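This is input_28.txt. It holds compact mmCIF, C-alpha atoms.
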```txt
# COMPACT_ATOMS: atom_id res chain seq x y z
CA MET R 1 -24.77 -14.44 0.88
CA ARG R 2 -25.71 -10.98 -0.41
CA THR R 3 -22.81 -8.52 -0.63
CA ILE R 4 -23.17 -5.34 1.43
CA LEU R 5 -23.43 -2.20 -0.72
CA ILE R 6 -22.90 1.35 0.57
CA VAL R 7 -23.68 4.15 -1.89
CA GLY R 8 -22.99 7.84 -1.34
CA ASN R 9 -25.51 9.98 -3.23
CA TRP R 10 -24.07 13.50 -3.33
CA LYS R 11 -27.16 14.99 -4.98
CA MET R 12 -26.51 18.54 -6.29
CA ASN R 13 -23.40 19.11 -4.19
CA LYS R 14 -19.68 19.56 -4.91
CA THR R 15 -18.06 21.14 -7.93
CA ALA R 16 -15.56 19.10 -9.94
CA SER R 17 -12.62 20.56 -7.99
CA GLU R 18 -14.37 20.04 -4.64
CA ALA R 19 -15.09 16.44 -5.63
CA THR R 20 -11.43 15.82 -6.42
CA ALA R 21 -10.33 17.16 -3.05
CA PHE R 22 -12.98 15.12 -1.25
CA MET R 23 -11.99 11.89 -2.98
CA ARG R 24 -8.32 12.41 -2.20
CA GLY R 25 -9.19 12.81 1.45
CA LEU R 26 -11.47 9.78 1.44
CA LEU R 27 -9.11 7.49 -0.46
CA ALA R 28 -6.25 8.36 1.88
CA ARG R 29 -8.21 6.89 4.77
CA VAL R 30 -10.61 4.31 3.39
CA PRO R 31 -9.72 0.86 4.75
CA ALA R 32 -8.79 -2.07 2.55
CA GLN R 33 -11.98 -3.37 1.04
CA PRO R 34 -13.39 -6.49 2.75
CA ALA R 35 -14.56 -9.33 0.54
CA ASN R 36 -18.23 -8.77 1.33
CA LEU R 37 -18.48 -5.00 0.81
CA GLU R 38 -18.94 -2.72 -2.19
CA LEU R 39 -18.49 1.05 -1.94
CA VAL R 40 -19.93 3.49 -4.49
CA VAL R 41 -20.02 7.27 -4.80
CA ALA R 42 -22.54 9.02 -7.05
CA PRO R 43 -21.42 12.61 -7.77
CA PRO R 44 -23.33 15.11 -9.93
CA PHE R 45 -22.79 14.68 -13.67
CA THR R 46 -20.30 17.55 -13.82
CA ALA R 47 -17.98 15.83 -11.33
CA LEU R 48 -18.07 12.29 -12.71
CA GLU R 49 -14.88 12.68 -14.74
CA SER R 50 -13.02 14.32 -11.85
CA VAL R 51 -14.01 11.54 -9.48
CA ARG R 52 -13.14 8.87 -12.05
CA LEU R 53 -9.64 10.29 -12.38
CA ALA R 54 -9.25 10.56 -8.61
CA LEU R 55 -10.34 6.94 -8.15
CA GLY R 56 -7.93 5.51 -10.71
CA ALA R 57 -8.01 1.95 -11.96
CA SER R 58 -7.45 0.09 -8.69
CA SER R 59 -9.64 1.98 -6.21
CA PRO R 60 -11.90 0.01 -3.85
CA ILE R 61 -14.60 2.62 -4.54
CA GLN R 62 -16.79 2.40 -7.63
CA LEU R 63 -18.46 5.18 -9.60
CA GLY R 64 -22.21 5.68 -9.87
CA ALA R 65 -24.51 8.24 -11.47
CA GLN R 66 -27.59 9.87 -9.95
CA ASP R 67 -29.90 9.49 -12.96
CA LEU R 68 -29.97 8.83 -16.71
CA PHE R 69 -32.17 9.32 -19.76
CA TRP R 70 -33.84 6.36 -21.46
CA GLU R 71 -32.65 7.02 -25.02
CA ASP R 72 -29.07 6.44 -26.16
CA HIS R 73 -28.75 9.74 -28.07
CA GLY R 74 -30.83 12.41 -29.79
CA ALA R 75 -32.39 15.84 -29.41
CA TYR R 76 -32.86 15.76 -25.63
CA THR R 77 -31.26 18.96 -24.41
CA GLY R 78 -29.78 18.66 -20.94
CA GLU R 79 -30.08 14.87 -20.66
CA VAL R 80 -27.35 12.26 -20.10
CA SER R 81 -27.56 8.77 -21.60
CA ALA R 82 -26.45 5.33 -20.44
CA PRO R 83 -23.66 5.10 -23.06
CA MET R 84 -22.28 8.44 -21.82
CA LEU R 85 -22.24 7.18 -18.24
CA LYS R 86 -20.72 3.86 -19.23
CA ASP R 87 -17.95 5.65 -21.13
CA LEU R 88 -17.15 7.69 -18.02
CA GLY R 89 -16.61 4.52 -16.03
CA CYS R 90 -19.91 4.35 -14.14
CA ARG R 91 -20.94 0.93 -12.85
CA TYR R 92 -24.12 1.90 -10.99
CA VAL R 93 -26.94 4.38 -11.61
CA ILE R 94 -29.66 5.56 -9.23
CA VAL R 95 -33.18 5.48 -10.69
CA GLY R 96 -36.50 6.68 -9.29
CA HIS R 97 -35.18 8.63 -6.32
CA SER R 98 -37.99 10.30 -4.39
CA GLU R 99 -36.69 13.72 -5.38
CA ARG R 100 -37.02 12.72 -9.05
CA ARG R 101 -40.52 11.44 -8.35
CA THR R 102 -41.78 14.43 -6.36
CA LEU R 103 -39.93 17.33 -7.99
CA PHE R 104 -39.91 16.10 -11.59
CA GLY R 105 -42.99 13.88 -11.73
CA GLU R 106 -41.18 10.66 -12.61
CA GLN R 107 -43.35 7.58 -12.17
CA GLY R 108 -44.10 4.08 -13.39
CA ASP R 109 -43.34 3.49 -17.06
CA LEU R 110 -40.76 6.27 -17.24
CA ILE R 111 -38.75 4.80 -14.39
CA GLN R 112 -38.82 1.35 -15.96
CA LYS R 113 -37.63 2.80 -19.29
CA LYS R 114 -34.60 4.17 -17.44
CA ILE R 115 -33.96 0.79 -15.81
CA ARG R 116 -34.12 -0.94 -19.18
CA ALA R 117 -31.73 1.62 -20.69
CA ALA R 118 -29.25 1.03 -17.86
CA LEU R 119 -29.45 -2.74 -18.22
CA LYS R 120 -29.02 -2.53 -21.98
CA HIS R 121 -25.63 -0.89 -21.49
CA GLY R 122 -24.37 -2.95 -18.57
CA LEU R 123 -25.10 -0.43 -15.82
CA ARG R 124 -26.45 -1.68 -12.51
CA PRO R 125 -29.67 0.16 -11.54
CA ILE R 126 -30.46 1.11 -7.96
CA LEU R 127 -34.25 1.47 -7.87
CA CYS R 128 -35.45 3.78 -5.10
CA ILE R 129 -38.86 3.22 -3.57
CA GLY R 130 -40.53 4.72 -0.51
CA GLU R 131 -43.72 6.02 1.02
CA THR R 132 -44.52 9.57 2.11
CA LEU R 133 -45.50 10.46 5.68
CA ALA R 134 -49.14 10.83 4.61
CA GLN R 135 -49.12 7.39 3.00
CA ARG R 136 -47.51 5.90 6.09
CA ASP R 137 -50.05 7.53 8.38
CA ASN R 138 -53.04 6.40 6.32
CA GLY R 139 -51.84 2.82 6.22
CA THR R 140 -51.05 2.50 2.52
CA THR R 141 -47.30 1.82 2.81
CA ASP R 142 -47.65 -1.79 1.67
CA HIS R 143 -49.69 -0.88 -1.39
CA VAL R 144 -47.43 2.02 -2.38
CA LEU R 145 -44.21 0.00 -2.14
CA THR R 146 -45.67 -3.02 -3.90
CA GLN R 147 -46.90 -0.81 -6.74
CA GLN R 148 -43.51 0.91 -7.06
CA VAL R 149 -41.75 -2.47 -7.25
CA HIS R 150 -44.22 -3.67 -9.88
CA ASP R 151 -44.01 -0.48 -11.96
CA GLY R 152 -40.23 -0.48 -11.96
CA LEU R 153 -39.47 -4.15 -12.45
CA SER R 154 -42.37 -6.09 -13.98
CA GLY R 155 -41.69 -7.67 -17.34
CA LEU R 156 -37.91 -7.73 -17.04
CA ALA R 157 -36.00 -10.93 -17.69
CA THR R 158 -35.44 -12.83 -14.45
CA GLU R 159 -31.67 -12.79 -14.96
CA ALA R 160 -31.74 -8.97 -14.97
CA LEU R 161 -32.65 -9.01 -11.29
CA ALA R 162 -29.14 -10.22 -10.48
CA THR R 163 -27.80 -6.75 -11.36
CA ILE R 164 -30.60 -4.66 -9.81
CA THR R 165 -30.57 -3.25 -6.28
CA ILE R 166 -33.57 -1.78 -4.47
CA ALA R 167 -33.15 1.13 -2.07
CA TYR R 168 -35.97 1.49 0.44
CA GLU R 169 -36.06 5.18 1.31
CA PRO R 170 -39.12 6.28 3.28
CA VAL R 171 -39.67 9.80 1.98
CA TRP R 172 -40.46 11.07 5.47
CA ALA R 173 -36.91 10.11 6.59
CA ILE R 174 -34.86 11.61 3.74
CA GLY R 175 -32.84 14.60 4.91
CA THR R 176 -35.06 15.09 7.95
CA GLY R 177 -32.86 13.52 10.59
CA ARG R 178 -35.80 11.24 11.36
CA ALA R 179 -34.54 7.81 10.34
CA SER R 180 -36.66 4.69 10.61
CA THR R 181 -35.54 2.17 13.18
CA GLY R 182 -33.56 -0.81 11.97
CA GLU R 183 -36.27 -3.19 13.14
CA ASN R 184 -39.06 -1.31 11.37
CA ALA R 185 -37.08 -0.93 8.15
CA ASN R 186 -36.21 -4.62 8.17
CA ALA R 187 -39.87 -5.55 8.65
CA VAL R 188 -40.83 -3.50 5.57
CA VAL R 189 -38.14 -5.19 3.49
CA LYS R 190 -38.99 -8.68 4.75
CA ASP R 191 -42.79 -8.44 4.77
CA VAL R 192 -43.50 -6.08 1.85
CA ILE R 193 -40.61 -5.59 -0.59
CA ARG R 194 -39.33 -9.16 -0.85
CA PRO R 195 -42.89 -10.57 -1.18
CA ALA R 196 -43.54 -8.03 -3.96
CA LEU R 197 -40.42 -9.28 -5.73
CA ALA R 198 -41.44 -12.89 -5.13
CA ALA R 199 -44.83 -12.26 -6.73
CA LEU R 200 -43.03 -11.18 -9.91
CA TYR R 201 -40.02 -13.50 -10.02
CA GLY R 202 -40.32 -16.16 -7.35
CA ASP R 203 -38.95 -16.45 -3.83
CA GLN R 204 -35.44 -17.54 -4.80
CA THR R 205 -34.90 -14.42 -6.91
CA ALA R 206 -36.53 -12.22 -4.29
CA GLN R 207 -34.15 -13.47 -1.61
CA ALA R 208 -31.12 -12.83 -3.83
CA VAL R 209 -31.89 -9.16 -4.60
CA ARG R 210 -30.01 -6.65 -2.47
CA VAL R 211 -32.20 -4.15 -0.62
CA LEU R 212 -30.60 -1.06 0.91
CA TYR R 213 -31.99 1.35 3.47
CA GLY R 214 -31.82 5.09 2.91
CA GLY R 215 -33.06 8.07 4.87
CA SER R 216 -30.95 10.00 7.40
CA VAL R 217 -28.30 7.27 7.65
CA THR R 218 -25.33 8.41 9.76
CA GLY R 219 -22.27 6.95 11.41
CA ALA R 220 -24.28 6.81 14.63
CA ASN R 221 -27.13 4.65 13.32
CA ALA R 222 -25.65 2.73 10.38
CA ALA R 223 -24.72 -0.34 12.44
CA GLU R 224 -28.34 -0.69 13.55
CA PHE R 225 -29.44 -1.05 9.93
CA PHE R 226 -26.53 -3.24 8.83
CA ALA R 227 -27.30 -5.68 11.65
CA GLN R 228 -30.72 -6.46 10.16
CA PRO R 229 -30.92 -9.73 8.18
CA ASP R 230 -32.90 -8.31 5.24
CA ILE R 231 -31.01 -5.01 4.86
CA ASP R 232 -27.95 -5.23 2.65
CA GLY R 233 -26.40 -1.77 3.00
CA ALA R 234 -27.33 1.87 2.68
CA LEU R 235 -27.99 4.66 0.21
CA VAL R 236 -26.48 7.62 2.05
CA GLY R 237 -27.25 11.27 1.34
CA GLY R 238 -25.92 14.15 3.43
CA ALA R 239 -23.53 12.03 5.48
CA SER R 240 -21.70 10.96 2.31
CA LEU R 241 -20.56 14.57 1.79
CA LYS R 242 -18.29 14.48 4.85
CA VAL R 243 -15.20 12.29 4.87
CA GLU R 244 -15.35 11.50 8.59
CA GLU R 245 -19.06 10.66 8.53
CA PHE R 246 -18.83 8.49 5.43
CA LEU R 247 -15.85 6.63 6.89
CA ALA R 248 -17.82 6.04 10.09
CA ILE R 249 -20.65 4.49 8.09
```

Rewritten as structure tokens:
Amino acid sequence: MRTILIVGNWKMNKTASEATAFMRGLLARVPAQPANLELVVAPPFTALESVRLALGASSPIQLGAQDLFWEDHGAYTGEVSAPMLKDLGCRYVIVGHSERRTLFGEQGDLIQKKIRAALKHGLRPILCIGETLAQRDNGTTDHVLTQQVHDGLSGLATEALATITIAYEPVWAIGTGRASTGENANAVVKDVIRPALAALYGDQTAQAVRVLYGGSVTGANAAEFFAQPDIDGALVGGASLKVEEFLAI
């Protein structure tokens, strides 16, 4: 049975002090962690240390990062490496988010280099994939998602897939308030994403990989997605910035 994973992606929100206050409020009310649930928050780089300290050693919530660079060190002004994230206590790292793809031109080989860097240092990558509204409307969703899976994951050792999560985030639903339905999202995961994984690594591996849904997930619609057999949790954006909303999810 795949373990449910809920990840809060704060994006470029919350200063270090704001993050500390938020985590204190969240930790005071988060329920005891069930056996089949993982919780992760991914603050901006500047707040990682503050959140790590707020979480402490025994928190049910784990620390994630929003991105990383593919080299371990060097003359890469402004970048943050996997060893740096590992040293800060990160367990997960988001890779290939649609905002990185559209705003910063990240694609294909570059995204896989980041995944390989994460794996090399024991970080668990969350690979984001998703189609735009134009791609959805012109009927190329299947091709786009299959290509993104192939670009990000082809050539990796099969055992690496045990530590990789895929987040299906239709670009047209991110931050728009226009979420996919649970049934439609599940159909994409079942009929497109898992077959794309199976083509690379076989059906058994494809069925074991966790696939999250992301895109305007809220406390009001989360249960609809979590009830789907092929959806294993959520990558949450704006709703993860509010204690009450994140608790509801």

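Between Lys86 of chain R and the residues R:Phe104, R:Leu212, R:Gly122, R:Asp109, the shortest atom-to-atom distance, using only C-alpha atoms, involves R:Gly122.
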
Might you pull out every residue within 12 Å of Phe246 of chain R, with all atoms listed in the file counted and same-chain residues fewer than 5 positions away left off, and present them as a VMD selection string?
chain R and resid 6 to 10 22 to 23 25 to 27 29 to 31 39 to 41 217 to 220 222 234 to 241

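Shortest atom-to-atom contact with Ser154 of chain R among R:Ala187, R:Val80, R:Ala198, R:Met12: R:Ala198, counting all atoms listed in the file.
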
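Using all atoms listed in the file, the contacts of Tyr213 of chain R at a cut-off of 7 Å, with sequence neighbours closer than 6 positions omitted, comprise R:Ala167, R:Tyr168, R:Glu169, R:Ile231, R:Gly233, R:Ala234, R:Leu235.
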
Can you write out as a Markdown table which residues of segment 131-186 of chain R fall within 12 Å of segment 88-97 of chain R, alongside each residue's closest atom pair and its distance in Å to one decimal, counting only C-alpha atoms and ordering rows by chain and ascending residue number?
```
| residue | atom | partner | partner_atom | distance |
| --- | --- | --- | --- | --- |
| R:Glu131 | CA | R:His97 | CA | 11.6 |
| R:Gln148 | CA | R:Gly96 | CA | 9.3 |
| R:Val149 | CA | R:Gly96 | CA | 10.7 |
| R:Asp151 | CA | R:Gly96 | CA | 10.7 |
| R:Gly152 | CA | R:Gly96 | CA | 8.5 |
| R:Leu153 | CA | R:Val95 | CA | 11.6 |
| R:Thr163 | CA | R:Tyr92 | CA | 9.4 |
| R:Ile164 | CA | R:Tyr92 | CA | 9.3 |
| R:Thr165 | CA | R:Ile94 | CA | 9.3 |
| R:Ile166 | CA | R:Val95 | CA | 9.6 |
| R:Ala167 | CA | R:His97 | CA | 8.9 |
| R:Tyr168 | CA | R:His97 | CA | 9.9 |
| R:Glu169 | CA | R:His97 | CA | 8.4 |
| R:Pro170 | CA | R:His97 | CA | 10.6 |
| R:Val171 | CA | R:His97 | CA | 9.5 |
| R:Ile174 | CA | R:His97 | CA | 10.5 |
```

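The coordinates place atom CA of Gly130 of chain R at 16.3 Å from atom CA of Phe225 of chain R.
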
Using atom CA of Ile249 of chain R and atom CA of Ala162 of chain R as the two end points, give the distance in Å to one decimal.
25.2 Å

As an exercise, work out the distance from atom CA of Thr181 of chain R to atom CA of Leu247 of chain R in Å and give it to one decimal place.
21.1 Å

Can you work out which one of R:Ala16, R:Ala208, R:Leu200, R:Ile129 has the shortest atom-to-atom distance to Asp142 of chain R, counting only C-alpha atoms?
R:Ile129

Across R:Ser216, R:Asp230, R:Asp203, R:Gln33, the smallest distance to Ala185 of chain R, with only C-alpha atoms counted, is shown by R:Asp230

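Using all atoms listed in the file, the smallest distance between any of R:Thr102, R:Gln228, R:Asn221, R:Gln204 and Glu245 of chain R comes from R:Asn221.
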
With 8 Å on each side, where is the centre of the axis-aligned box around all listed atoms of segment 157-176 of chain R, and how long are its edges in Å to one decimal, as JSON?
```
{"center_x": -34.1, "center_y": 1.1, "center_z": -4.9, "size_x": 28.7, "size_y": 43.9, "size_z": 41.6}
```

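Shortest atom-to-atom contact with Leu161 of chain R among R:Leu133, R:Leu127, R:Ala75, R:Ala173: R:Leu127, counting only C-alpha atoms.
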